[in-house]
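The data block below is input10.cif; it holds mmCIF, C-alpha atoms.
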```cif
data_protein
loop_
_atom_site.group_PDB
_atom_site.id
_atom_site.type_symbol
_atom_site.label_atom_id
_atom_site.label_comp_id
_atom_site.auth_asym_id
_atom_site.auth_seq_id
_atom_site.Cartn_x
_atom_site.Cartn_y
_atom_site.Cartn_z
ATOM 1 C CA MET F 1 -15.705 5.330 2.679
ATOM 2 C CA ILE F 2 -12.296 3.965 1.743
ATOM 3 C CA TYR F 3 -12.458 0.986 -0.600
ATOM 4 C CA THR F 4 -9.318 -1.104 -1.078
ATOM 5 C CA VAL F 5 -8.980 -3.642 -3.880
ATOM 6 C CA THR F 6 -6.930 -6.823 -3.474
ATOM 7 C CA LEU F 7 -7.071 -9.025 -6.544
ATOM 8 C CA ASN F 8 -4.526 -11.567 -5.316
ATOM 9 C CA PRO F 9 -4.904 -11.862 -1.512
ATOM 10 C CA ALA F 10 -3.085 -14.453 0.544
ATOM 11 C CA ILE F 11 -2.727 -16.022 3.895
ATOM 12 C CA ASP F 12 0.681 -14.865 5.079
ATOM 13 C CA LYS F 13 2.559 -17.445 7.128
ATOM 14 C CA THR F 14 5.383 -15.813 9.041
ATOM 15 C CA LEU F 15 8.079 -18.188 10.245
ATOM 16 C CA LYS F 16 10.693 -16.948 12.692
ATOM 17 C CA ILE F 17 13.862 -18.990 12.177
ATOM 18 C CA ASP F 18 17.134 -18.140 13.889
ATOM 19 C CA ASP F 19 20.115 -18.431 11.537
ATOM 20 C CA PHE F 20 18.107 -19.535 8.486
ATOM 21 C CA LYS F 21 20.206 -21.612 6.061
ATOM 22 C CA VAL F 22 19.491 -22.665 2.478
ATOM 23 C CA ASP F 23 19.682 -26.379 1.633
ATOM 24 C CA GLN F 24 19.526 -27.414 5.293
ATOM 25 C CA VAL F 25 16.857 -28.388 7.820
ATOM 26 C CA ASN F 26 15.613 -25.268 9.645
ATOM 27 C CA ARG F 27 13.623 -25.266 12.882
ATOM 28 C CA VAL F 28 10.776 -22.800 13.287
ATOM 29 C CA LYS F 29 11.051 -20.848 16.532
ATOM 30 C CA GLU F 30 7.758 -18.941 16.226
ATOM 31 C CA TYR F 31 4.857 -18.970 13.769
ATOM 32 C CA ARG F 32 1.948 -16.698 12.950
ATOM 33 C CA GLU F 33 -0.762 -16.546 10.299
ATOM 34 C CA ASP F 34 -2.374 -13.372 8.947
ATOM 35 C CA ALA F 35 -4.783 -12.334 6.221
ATOM 36 C CA GLY F 36 -2.541 -10.629 3.683
ATOM 37 C CA GLY F 37 -2.442 -8.797 0.398
ATOM 38 C CA LYS F 38 -1.636 -5.117 -0.043
ATOM 39 C CA GLY F 39 -5.194 -3.794 -0.136
ATOM 40 C CA ILE F 40 -6.196 -5.944 2.823
ATOM 41 C CA ASN F 41 -3.209 -4.637 4.770
ATOM 42 C CA VAL F 42 -4.311 -1.074 4.000
ATOM 43 C CA THR F 43 -7.805 -1.782 5.326
ATOM 44 C CA LYS F 44 -6.360 -3.457 8.442
ATOM 45 C CA MET F 45 -4.251 -0.376 9.220
ATOM 46 C CA ILE F 46 -7.203 1.959 8.609
ATOM 47 C CA HIS F 47 -9.151 -0.179 11.086
ATOM 48 C CA LYS F 48 -6.347 0.402 13.621
ATOM 49 C CA LEU F 49 -6.653 4.138 12.991
ATOM 50 C CA LYS F 50 -10.405 3.920 13.742
ATOM 51 C CA GLY F 51 -11.313 4.709 10.138
ATOM 52 C CA ASP F 52 -13.906 3.272 7.779
ATOM 53 C CA SER F 53 -12.699 0.911 5.063
ATOM 54 C CA ILE F 54 -13.964 -2.080 3.116
ATOM 55 C CA ALA F 55 -11.487 -4.586 1.679
ATOM 56 C CA VAL F 56 -12.803 -5.671 -1.723
ATOM 57 C CA MET F 57 -11.064 -8.888 -2.684
ATOM 58 C CA ILE F 58 -11.172 -12.052 -4.778
ATOM 59 C CA THR F 59 -11.069 -15.309 -2.814
ATOM 60 C CA GLY F 60 -11.297 -18.982 -3.672
ATOM 61 C CA GLY F 61 -11.468 -22.409 -2.058
ATOM 62 C CA ASP F 62 -10.820 -23.474 1.522
ATOM 63 C CA ILE F 63 -7.873 -21.099 1.873
ATOM 64 C CA GLY F 64 -10.091 -18.200 0.821
ATOM 65 C CA HIS F 65 -12.571 -19.202 3.497
ATOM 66 C CA ARG F 66 -9.775 -19.320 6.083
ATOM 67 C CA LEU F 67 -8.677 -15.852 4.991
ATOM 68 C CA THR F 68 -12.130 -14.336 5.525
ATOM 69 C CA SER F 69 -12.317 -16.078 8.906
ATOM 70 C CA LEU F 70 -9.101 -14.336 9.920
ATOM 71 C CA LEU F 71 -10.620 -11.000 8.894
ATOM 72 C CA ASP F 72 -13.777 -11.788 10.848
ATOM 73 C CA ASP F 73 -11.637 -12.435 13.922
ATOM 74 C CA GLU F 74 -10.134 -8.946 13.587
ATOM 75 C CA GLY F 75 -13.453 -7.229 12.906
ATOM 76 C CA ILE F 76 -12.358 -6.150 9.424
ATOM 77 C CA SER F 77 -15.063 -5.175 6.918
ATOM 78 C CA TYR F 78 -14.762 -6.821 3.518
ATOM 79 C CA LYS F 79 -16.509 -7.815 0.310
ATOM 80 C CA ALA F 80 -15.286 -11.212 -0.869
ATOM 81 C CA ILE F 81 -15.958 -12.109 -4.485
ATOM 82 C CA LYS F 82 -15.587 -15.835 -5.082
ATOM 83 C CA THR F 83 -13.557 -17.318 -7.914
ATOM 84 C CA PRO F 84 -12.724 -20.910 -8.855
ATOM 85 C CA GLY F 85 -9.390 -22.190 -7.546
ATOM 86 C CA GLN F 86 -7.546 -21.577 -4.299
ATOM 87 C CA THR F 87 -6.402 -18.362 -2.671
ATOM 88 C CA ARG F 88 -2.630 -18.433 -2.302
ATOM 89 C CA ILE F 89 -0.390 -18.889 0.726
ATOM 90 C CA ASN F 90 2.733 -16.721 1.095
ATOM 91 C CA VAL F 91 5.555 -17.685 3.414
ATOM 92 C CA LYS F 92 7.661 -15.022 5.148
ATOM 93 C CA VAL F 93 10.887 -16.240 6.724
ATOM 94 C CA VAL F 94 12.184 -13.858 9.392
ATOM 95 C CA ASP F 95 15.748 -14.364 10.643
ATOM 96 C CA HIS F 96 16.615 -11.789 13.288
ATOM 97 C CA ASN F 97 20.116 -13.185 13.763
ATOM 98 C CA ASN F 98 21.104 -12.339 10.195
ATOM 99 C CA HIS F 99 18.608 -9.465 9.778
ATOM 100 C CA THR F 100 16.972 -11.073 6.722
ATOM 101 C CA PHE F 101 13.342 -11.224 5.552
ATOM 102 C CA THR F 102 12.658 -13.817 2.846
ATOM 103 C CA ASP F 103 9.375 -13.925 0.902
ATOM 104 C CA ILE F 104 8.155 -17.094 -0.829
ATOM 105 C CA ASN F 105 4.966 -16.151 -2.695
ATOM 106 C CA GLU F 106 2.575 -18.412 -4.588
ATOM 107 C CA LYS F 107 0.983 -17.270 -7.859
ATOM 108 C CA GLY F 108 -2.641 -17.575 -6.770
ATOM 109 C CA PRO F 109 -5.669 -18.729 -8.777
ATOM 110 C CA VAL F 110 -6.536 -17.954 -12.382
ATOM 111 C CA VAL F 111 -9.272 -15.297 -12.267
ATOM 112 C CA ASP F 112 -11.919 -15.481 -14.972
ATOM 113 C CA SER F 113 -13.732 -12.606 -16.670
ATOM 114 C CA LYS F 114 -16.992 -13.298 -14.811
ATOM 115 C CA THR F 115 -15.286 -12.706 -11.472
ATOM 116 C CA LEU F 116 -13.788 -9.443 -12.707
ATOM 117 C CA GLU F 117 -17.145 -8.310 -14.038
ATOM 118 C CA THR F 118 -18.698 -8.915 -10.610
ATOM 119 C CA LEU F 119 -15.986 -6.867 -8.895
ATOM 120 C CA ASP F 120 -16.265 -4.134 -11.508
ATOM 121 C CA ALA F 121 -20.029 -3.931 -10.976
ATOM 122 C CA TYR F 122 -19.515 -3.653 -7.216
ATOM 123 C CA LEU F 123 -17.203 -0.662 -7.654
ATOM 124 C CA MET F 124 -19.496 0.880 -10.244
ATOM 125 C CA ASN F 125 -22.450 0.687 -7.849
ATOM 126 C CA HIS F 126 -20.661 1.873 -4.700
ATOM 127 C CA LEU F 127 -18.086 4.533 -5.621
ATOM 128 C CA SER F 128 -19.023 8.204 -5.269
ATOM 129 C CA GLU F 129 -17.383 11.609 -4.861
ATOM 130 C CA LYS F 130 -17.224 10.987 -1.103
ATOM 131 C CA ASP F 131 -15.014 7.909 -1.470
ATOM 132 C CA ILE F 132 -11.365 6.934 -1.778
ATOM 133 C CA LEU F 133 -10.313 3.950 -3.884
ATOM 134 C CA VAL F 134 -6.996 2.238 -3.135
ATOM 135 C CA LEU F 135 -5.628 -0.022 -5.871
ATOM 136 C CA ALA F 136 -2.696 -1.995 -4.542
ATOM 137 C CA GLY F 137 -0.676 -5.085 -5.221
ATOM 138 C CA SER F 138 0.048 -7.686 -7.854
ATOM 139 C CA LEU F 139 -2.387 -9.166 -10.347
ATOM 140 C CA PRO F 140 -3.368 -12.832 -10.369
ATOM 141 C CA GLN F 141 -3.311 -14.954 -13.485
ATOM 142 C CA GLY F 142 -6.034 -14.121 -15.989
ATOM 143 C CA VAL F 143 -6.323 -10.426 -15.083
ATOM 144 C CA PRO F 144 -5.391 -7.910 -17.805
ATOM 145 C CA LYS F 145 -2.444 -5.711 -16.888
ATOM 146 C CA ASP F 146 -4.427 -2.529 -17.550
ATOM 147 C CA ILE F 147 -7.158 -3.334 -14.998
ATOM 148 C CA TYR F 148 -5.936 -0.613 -12.608
ATOM 149 C CA LYS F 149 -5.999 1.895 -15.469
ATOM 150 C CA HIS F 150 -9.664 1.007 -15.991
ATOM 151 C CA TRP F 151 -10.484 1.433 -12.302
ATOM 152 C CA CYS F 152 -8.529 4.688 -12.091
ATOM 153 C CA GLU F 153 -10.732 5.987 -14.890
ATOM 154 C CA LEU F 154 -13.860 4.614 -13.205
ATOM 155 C CA GLY F 155 -12.885 6.279 -9.928
ATOM 156 C CA LYS F 156 -12.417 9.631 -11.671
ATOM 157 C CA GLU F 157 -15.742 9.208 -13.450
ATOM 158 C CA LYS F 158 -17.448 8.654 -10.087
ATOM 159 C CA GLY F 159 -15.579 11.562 -8.479
ATOM 160 C CA ALA F 160 -13.609 9.333 -6.081
ATOM 161 C CA LYS F 161 -9.948 9.954 -5.245
ATOM 162 C CA VAL F 162 -7.759 7.052 -6.406
ATOM 163 C CA ILE F 163 -4.479 6.005 -4.785
ATOM 164 C CA LEU F 164 -2.355 3.591 -6.834
ATOM 165 C CA ASP F 165 0.369 1.384 -5.349
ATOM 166 C CA ALA F 166 1.729 -1.024 -7.957
ATOM 167 C CA ASP F 167 4.917 -1.794 -9.873
ATOM 168 C CA ARG F 168 6.313 -2.657 -13.302
ATOM 169 C CA ASP F 169 3.805 -2.843 -16.168
ATOM 170 C CA VAL F 170 0.843 -2.557 -13.818
ATOM 171 C CA LEU F 171 2.142 0.779 -12.511
ATOM 172 C CA GLU F 172 3.012 2.041 -15.982
ATOM 173 C CA LEU F 173 -0.441 1.245 -17.351
ATOM 174 C CA GLY F 174 -2.187 2.411 -14.182
ATOM 175 C CA ILE F 175 -0.558 5.833 -14.424
ATOM 176 C CA LYS F 176 -2.257 6.280 -17.806
ATOM 177 C CA GLY F 177 -5.572 6.210 -15.923
ATOM 178 C CA LEU F 178 -4.372 9.294 -13.992
ATOM 179 C CA PRO F 179 -4.847 8.303 -10.342
ATOM 180 C CA TRP F 180 -4.832 11.106 -7.796
ATOM 181 C CA ILE F 181 -1.811 9.816 -5.874
ATOM 182 C CA ILE F 182 0.769 7.148 -6.704
ATOM 183 C CA LYS F 183 3.089 5.606 -4.118
ATOM 184 C CA PRO F 184 6.064 3.930 -5.753
ATOM 185 C CA ASN F 185 9.275 3.164 -3.934
ATOM 186 C CA GLN F 186 12.451 4.541 -5.460
ATOM 187 C CA ASN F 187 13.279 1.313 -7.295
ATOM 188 C CA GLU F 188 9.795 1.163 -8.842
ATOM 189 C CA LEU F 189 10.060 4.768 -9.998
ATOM 190 C CA GLU F 190 13.494 4.073 -11.489
ATOM 191 C CA MET F 191 12.054 1.118 -13.389
ATOM 192 C CA TYR F 192 9.183 3.251 -14.662
ATOM 193 C CA PHE F 193 11.521 5.923 -16.040
ATOM 194 C CA GLY F 194 14.236 3.451 -17.051
ATOM 195 C CA LYS F 195 17.024 5.250 -15.182
ATOM 196 C CA LYS F 196 18.812 5.332 -11.835
ATOM 197 C CA PHE F 197 18.532 8.411 -9.659
ATOM 198 C CA ASP F 198 21.753 9.583 -8.058
ATOM 199 C CA ASN F 199 20.043 12.225 -5.929
ATOM 200 C CA ASP F 200 16.633 13.482 -4.859
ATOM 201 C CA GLN F 201 16.675 16.462 -7.235
ATOM 202 C CA ASP F 202 16.917 14.221 -10.310
ATOM 203 C CA MET F 203 14.066 12.120 -8.973
ATOM 204 C CA ILE F 204 11.927 15.178 -8.231
ATOM 205 C CA LEU F 205 12.359 16.521 -11.763
ATOM 206 C CA LYS F 206 11.192 13.224 -13.253
ATOM 207 C CA ALA F 207 8.307 12.934 -10.787
ATOM 208 C CA GLN F 208 7.144 16.381 -11.910
ATOM 209 C CA GLU F 209 6.510 14.888 -15.343
ATOM 210 C CA LEU F 210 3.800 12.791 -13.698
ATOM 211 C CA LEU F 211 2.306 15.920 -12.152
ATOM 212 C CA ASP F 212 2.169 17.458 -15.624
ATOM 213 C CA MET F 213 0.003 14.515 -16.681
ATOM 214 C CA GLY F 214 -2.593 15.352 -14.025
ATOM 215 C CA ILE F 215 -1.503 13.375 -10.962
ATOM 216 C CA TYR F 216 -1.696 15.409 -7.750
ATOM 217 C CA ALA F 217 1.163 13.804 -5.817
ATOM 218 C CA VAL F 218 3.923 11.226 -6.125
ATOM 219 C CA VAL F 219 4.845 9.712 -2.752
ATOM 220 C CA ILE F 220 8.225 7.980 -3.021
ATOM 221 C CA SER F 221 9.233 5.659 -0.197
ATOM 222 C CA GLN F 222 13.011 5.360 0.153
ATOM 223 C CA GLY F 223 13.405 2.849 2.983
ATOM 224 C CA GLU F 224 16.079 3.941 5.439
ATOM 225 C CA LYS F 225 16.331 7.290 3.626
ATOM 226 C CA GLY F 226 12.750 8.206 4.454
ATOM 227 C CA CYS F 227 10.003 9.457 2.183
ATOM 228 C CA LEU F 228 9.956 12.062 -0.587
ATOM 229 C CA VAL F 229 6.674 13.781 -1.496
ATOM 230 C CA VAL F 230 6.376 15.616 -4.811
ATOM 231 C CA SER F 231 3.034 17.397 -5.230
ATOM 232 C CA LYS F 232 1.530 20.241 -7.228
ATOM 233 C CA ASP F 233 1.500 22.327 -4.041
ATOM 234 C CA GLY F 234 5.097 21.698 -2.979
ATOM 235 C CA THR F 235 7.839 19.152 -2.327
ATOM 236 C CA ALA F 236 9.072 17.821 1.001
ATOM 237 C CA LYS F 237 11.226 15.117 2.551
ATOM 238 C CA MET F 238 10.575 13.172 5.761
ATOM 239 C CA ASP F 239 13.517 11.295 7.220
ATOM 240 C CA ALA F 240 13.047 7.752 8.462
ATOM 241 C CA LEU F 241 12.929 7.302 12.228
ATOM 242 C CA LYS F 242 15.621 5.173 13.842
ATOM 243 C CA LEU F 243 13.638 2.174 15.080
ATOM 244 C CA LYS F 244 14.151 -1.522 15.669
ATOM 245 C CA VAL F 245 12.906 -3.205 12.500
ATOM 246 C CA VAL F 246 11.043 -6.434 13.245
ATOM 247 C CA SER F 247 9.415 -6.892 9.827
ATOM 248 C CA THR F 248 9.082 -4.656 6.777
ATOM 249 C CA VAL F 249 6.077 -6.622 5.488
ATOM 250 C CA GLY F 250 3.129 -4.237 5.219
ATOM 251 C CA ALA F 251 5.159 -1.080 5.867
ATOM 252 C CA GLY F 252 4.287 0.526 2.535
ATOM 253 C CA ASP F 253 0.668 -0.558 2.901
ATOM 254 C CA SER F 254 0.512 1.105 6.307
ATOM 255 C CA MET F 255 1.783 4.335 4.765
ATOM 256 C CA VAL F 256 -0.950 4.197 2.126
ATOM 257 C CA ALA F 257 -3.483 3.551 4.910
ATOM 258 C CA GLY F 258 -2.371 6.632 6.835
ATOM 259 C CA ILE F 259 -2.615 8.769 3.698
ATOM 260 C CA ALA F 260 -6.045 7.407 2.757
ATOM 261 C CA PHE F 261 -7.358 7.807 6.315
ATOM 262 C CA GLY F 262 -6.103 11.393 6.552
ATOM 263 C CA ILE F 263 -7.634 12.386 3.225
ATOM 264 C CA ASP F 264 -10.906 10.714 4.177
ATOM 265 C CA GLU F 265 -11.026 12.763 7.394
ATOM 266 C CA VAL F 266 -10.518 15.976 5.408
ATOM 267 C CA MET F 267 -13.296 15.011 3.001
ATOM 268 C CA LYS F 268 -15.708 14.120 5.812
ATOM 269 C CA LYS F 269 -15.169 17.528 7.431
ATOM 270 C CA ASN F 270 -15.309 19.392 4.088
ATOM 271 C CA GLU F 271 -11.922 20.934 4.868
ATOM 272 C CA THR F 272 -9.513 22.375 2.321
ATOM 273 C CA LEU F 273 -6.617 20.084 1.472
ATOM 274 C CA ASP F 274 -3.818 22.641 1.283
ATOM 275 C CA PHE F 275 -0.131 21.719 1.356
ATOM 276 C CA ALA F 276 0.215 22.107 5.125
ATOM 277 C CA ARG F 277 -2.721 19.763 5.714
ATOM 278 C CA PHE F 278 -1.341 17.282 3.203
ATOM 279 C CA MET F 279 1.993 17.272 5.004
ATOM 280 C CA ASP F 280 0.202 16.484 8.289
ATOM 281 C CA ILE F 281 -1.420 13.568 6.485
ATOM 282 C CA MET F 282 1.975 12.439 5.204
ATOM 283 C CA ARG F 283 3.336 12.535 8.757
ATOM 284 C CA LEU F 284 0.494 10.189 9.704
ATOM 285 C CA GLY F 285 1.385 7.942 6.773
ATOM 286 C CA VAL F 286 5.037 7.755 7.809
ATOM 287 C CA ALA F 287 4.061 7.194 11.453
ATOM 288 C CA SER F 288 1.736 4.353 10.452
ATOM 289 C CA SER F 289 4.489 2.740 8.406
ATOM 290 C CA SER F 290 7.020 3.183 11.204
ATOM 291 C CA ALA F 291 4.699 1.638 13.799
ATOM 292 C CA SER F 292 4.122 -1.405 11.592
ATOM 293 C CA ILE F 293 7.795 -2.227 11.031
ATOM 294 C CA GLU F 294 8.036 -2.795 14.783
ATOM 295 C CA GLU F 295 5.478 -5.615 14.523
ATOM 296 C CA GLU F 296 5.722 -9.259 13.429
ATOM 297 C CA GLY F 297 4.312 -10.438 10.089
ATOM 298 C CA THR F 298 1.513 -8.319 8.675
ATOM 299 C CA HIS F 299 0.377 -7.258 12.135
ATOM 300 C CA MET F 300 -0.226 -3.521 11.875
ATOM 301 C CA GLY F 301 1.080 -0.959 14.364
ATOM 302 C CA SER F 302 -1.165 0.211 17.189
ATOM 303 C CA LEU F 303 -2.929 3.575 17.219
ATOM 304 C CA THR F 304 -1.085 4.496 20.410
ATOM 305 C CA ARG F 305 2.286 3.850 18.782
ATOM 306 C CA VAL F 306 1.263 5.706 15.610
ATOM 307 C CA ASN F 307 0.363 8.777 17.666
ATOM 308 C CA GLU F 308 3.690 8.615 19.526
ATOM 309 C CA LEU F 309 5.739 8.388 16.330
ATOM 310 C CA TYR F 310 3.686 11.099 14.619
ATOM 311 C CA GLN F 311 5.075 13.616 17.103
ATOM 312 C CA GLU F 312 8.657 12.686 16.121
ATOM 313 C CA ILE F 313 8.300 13.168 12.371
ATOM 314 C CA THR F 314 9.406 16.451 10.830
ATOM 315 C CA VAL F 315 8.702 17.826 7.371
ATOM 316 C CA ASN F 316 11.689 19.278 5.509
ATOM 317 C CA MET F 317 10.784 21.518 2.596
ATOM 318 C CA VAL F 318 12.725 20.908 -0.618
ATOM 319 C CA LYS F 319 13.454 23.625 -3.145
ATOM 320 C CA VAL F 320 12.790 22.558 -6.716
ATOM 321 C CA SER F 321 13.232 24.162 -10.106
ATOM 322 C CA LYS F 322 9.540 24.042 -11.010
ATOM 323 C CA LEU F 323 6.625 25.228 -8.901
ATOM 324 C CA TYR F 324 2.928 24.539 -9.179
ATOM 325 C CA SER F 325 0.088 26.881 -8.232
#
```

Rewrite the structure from the file as structure tokens, please.
Amino acid sequence: MIYTVTLNPAIDKTLKIDDFKVDQVNRVKEYREDAGGKGINVTKMIHKLKGDSIAVMITGGDIGHRLTSLLDDEGISYKAIKTPGQTRINVKVVDHNNHTFTDINEKGPVVDSKTLETLDAYLMNHLSEKDILVLAGSLPQGVPKDIYKHWCELGKEKGAKVILDADRDVLELGIKGLPWIIKPNQNELEMYFGKKFDNDQDMILKAQELLDMGIYAVVISQGEKGCLVVSKDGTAKMDALKLKVVSTVGAGDSMVAGIAFGIDEVMKKNETLDFARFMDIMRLGVASSSASIEEEGTHMGSLTRVNELYQEITVNMVKVSKLYS
């Protein structure tokens, strides 16, 4: 089973506004509402891929109830842990005329220790060596910044494979828990190391420091430049496909979903995860991300489209100065 954790979920309201202007009245051309939050998005994409995933999340108030209703409508499996206060609403303004995507995100409720203890107990009682745990997204108020570090350690203790997708302090502290895979974008990795990368080789050398710590792979999304994968078994680059971008919301989450789904399939079949198999999984991750950027809001790409794009993605091996056995 793939468990995703979303501590600060949201209802995402996507507003399509032609020629959006600040400090003026803007007319909404189209509107949609989705259950959002990085972990939830991962579970939604896994559902599209016909995989098994449970979205573990913290919800509160009437908005939290609306969020779970949206998931029910999509047939998404979840475990909602209630907290006082209201789940947040995030507004996404999409302006195709000017090719802009503007996020306006609320903070969300203050989460108390009792709520966290309930979630922690759920993971403690359900995780096993057959599972994958995805920790993704921002932390709500009241949650300690090292919570992902704790759950990385719990996942390892239970034998589960942990995938971490976070940024800033949460990423830095989470890495200390030694997740199996981390998926920063280039900017997040630059912030972690406190330096700009002028080329892929410099970035690879720094990413290898994370491998030395015990992390299996660093998956670096680079937007229009594609995706760079640095692992103990090898390093490769996948170029981005030239597609019409409708919305980038959920693109990174879809990539994580493809990776988690692929690894879960390997584990179910008791197959060996060698480098070639991992690169096939990465192709699925990139295809999932690519299919989702063609969709509005946090609507995930279809399985049919994922399979089409998968055939177009090539893996380019990268020579590096340090090899792992």

**Message:** Please expand the PyMOL selection byres ((chain F and resi 299) around 12) into the concrete residues it hits in this file, giving the result as a PyMOL selection string.
**Reply:** chain F and resi 12-14+32-36+40-45+47-48+74+246-251+253-254+288-289+291-298+300-302

Using the chain letters and numbers from the file, which residues does the PyMOL selection byres ((chain F and resi 91-104) around 7) grab, as a CSV table (one decimal) with C-alpha atoms, in the coordinates of the input?
```csv
chain,number,residue,atom,x,y,z
F,12,ASP,CA,0.7,-14.9,5.1
F,13,LYS,CA,2.6,-17.4,7.1
F,14,THR,CA,5.4,-15.8,9.0
F,15,LEU,CA,8.1,-18.2,10.2
F,16,LYS,CA,10.7,-16.9,12.7
F,17,ILE,CA,13.9,-19.0,12.2
F,18,ASP,CA,17.1,-18.1,13.9
F,19,ASP,CA,20.1,-18.4,11.5
F,20,PHE,CA,18.1,-19.5,8.5
F,89,ILE,CA,-0.4,-18.9,0.7
F,90,ASN,CA,2.7,-16.7,1.1
F,105,ASN,CA,5.0,-16.2,-2.7
F,106,GLU,CA,2.6,-18.4,-4.6
```

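In this model, the gap between CA of Met238 (chain F) and CA of Val218 (chain F) comes to 13.8 Å.
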
**Asked** Just so the selection is clear, what residues does the PyMOL selection byres ((chain F and resi 166-178) around 8) cover here, as a list in words?
**Response**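 Taken over the shown coordinates, the PyMOL selection byres ((chain F and resi 166-178) around 8) returns Leu135, Ala136, Gly137, Ser138, Lys145, Asp146, Ile147, Tyr148, Lys149, His150, Trp151, Cys152, Glu153, Leu164, Asp165, Pro179, Trp180, Ile182, Lys183, Pro184, Glu188, Met191, Tyr192, Met213, Gly214 and Ile215 of chain F.
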
Put a box with edges along x, y and z around all the listed atoms of region 79-86 of chain F, pad it by 4 Å on each side, then give me its centre and sizes in Å, one decimal, as lines of an AutoDock Vina configuration file.
```
center_x = -12.0
center_y = -15.0
center_z = -4.3
size_x = 17.0
size_y = 22.4
size_z = 17.2
```

**Message:** Under the rule that only C-alpha atoms are counted, which of F:Val286, F:Leu67, F:Val230, F:Ala260 is the nearest residue to Asn8 (chain F)?
**Reply:** F:Leu67

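Take the candidates F:Arg283, F:Arg27, F:Lys161, F:Lys156 and check each one against Ala236 (chain F) using only C-alpha atoms; the shortest distance goes to F:Arg283.
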
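Between Lys107 (chain F) and the candidates F:Leu119, F:Leu154, F:Gly142, F:Val318, the tightest atom-to-atom separation, counting only C-alpha atoms, involves F:Gly142.
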
**Point-to-point distance from CA of Thr118 (chain F) to CA of Arg66 (chain F), Å rounded to tenths** =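 Atom-to-atom, CA of Thr118 (chain F) and CA of Arg66 (chain F) are spaced 21.6 Å apart.
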
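You will find CA of Ile263 (chain F) at 22.5 Å from CA of Tyr122 (chain F).
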
**Item:** Selected residue, from F:Leu133, F:Ile81, F:Leu228, F:Val143, that lies nearest to Asn199 (chain F) when counting only C-alpha atoms
**Value:**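 Looking only at the distances to Asn199 (chain F), the closest residue turns out to be F:Leu228.
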
**Message:** Which residue is closest to Asp212 (chain F)? Choose from F:Lys232, F:Val56, F:Lys50, F:Glu308 and count all atoms listed in the file.
**Reply:**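 Closest to Asp212 (chain F) of all the choices is F:Lys232.
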
Taking 2 positions as the minimum chain separation for residues in the same chain, which residues sit within 12 Å of Asp200 (chain F) when counting all atoms listed in the file? Answer as an mmCIF file with C-alpha atoms, in the frame of the given file.
```
data_model
loop_
_atom_site.group_PDB
_atom_site.id
_atom_site.type_symbol
_atom_site.label_atom_id
_atom_site.label_comp_id
_atom_site.auth_asym_id
_atom_site.auth_seq_id
_atom_site.Cartn_x
_atom_site.Cartn_y
_atom_site.Cartn_z
ATOM 1 C CA GLN F 186 12.451 4.541 -5.460
ATOM 2 C CA GLU F 190 13.494 4.073 -11.489
ATOM 3 C CA LYS F 196 18.812 5.332 -11.835
ATOM 4 C CA PHE F 197 18.532 8.411 -9.659
ATOM 5 C CA ASP F 198 21.753 9.583 -8.058
ATOM 6 C CA ASP F 202 16.917 14.221 -10.310
ATOM 7 C CA MET F 203 14.066 12.120 -8.973
ATOM 8 C CA ILE F 204 11.927 15.178 -8.231
ATOM 9 C CA LEU F 205 12.359 16.521 -11.763
ATOM 10 C CA LYS F 206 11.192 13.224 -13.253
ATOM 11 C CA ALA F 207 8.307 12.934 -10.787
ATOM 12 C CA ILE F 220 8.225 7.980 -3.021
ATOM 13 C CA SER F 221 9.233 5.659 -0.197
ATOM 14 C CA GLN F 222 13.011 5.360 0.153
ATOM 15 C CA LYS F 225 16.331 7.290 3.626
ATOM 16 C CA GLY F 226 12.750 8.206 4.454
ATOM 17 C CA CYS F 227 10.003 9.457 2.183
ATOM 18 C CA LEU F 228 9.956 12.062 -0.587
ATOM 19 C CA VAL F 229 6.674 13.781 -1.496
ATOM 20 C CA VAL F 230 6.376 15.616 -4.811
ATOM 21 C CA THR F 235 7.839 19.152 -2.327
ATOM 22 C CA ALA F 236 9.072 17.821 1.001
ATOM 23 C CA LYS F 237 11.226 15.117 2.551
ATOM 24 C CA VAL F 318 12.725 20.908 -0.618
ATOM 25 C CA LYS F 319 13.454 23.625 -3.145
ATOM 26 C CA VAL F 320 12.790 22.558 -6.716
#
```

**Item:** Nearest-residue call for Ile46 (chain F), choices F:Glu157, F:Asp264, F:Asp23, F:Asp62, using only C-alpha atoms
**Value:**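 The answer is F:Asp264, which sits nearest to Ile46 (chain F).
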
**Message:** Taking 4 positions as the minimum chain separation for residues in the same chain, which residues sit within 7 Å of Lys130 (chain F) when counting all atoms listed in the file? Answer as a list in words.
**Reply:** Met1, Ala160 and Met267 of chain F

**Asked** If we count all atoms listed in the file, what is near Gln141 (chain F) at a cut-off of 7 Å, once residues fewer than 6 positions away on the same chain are taken out, given as a PyMOL selection string?
**Response** chain F and resi 109-111
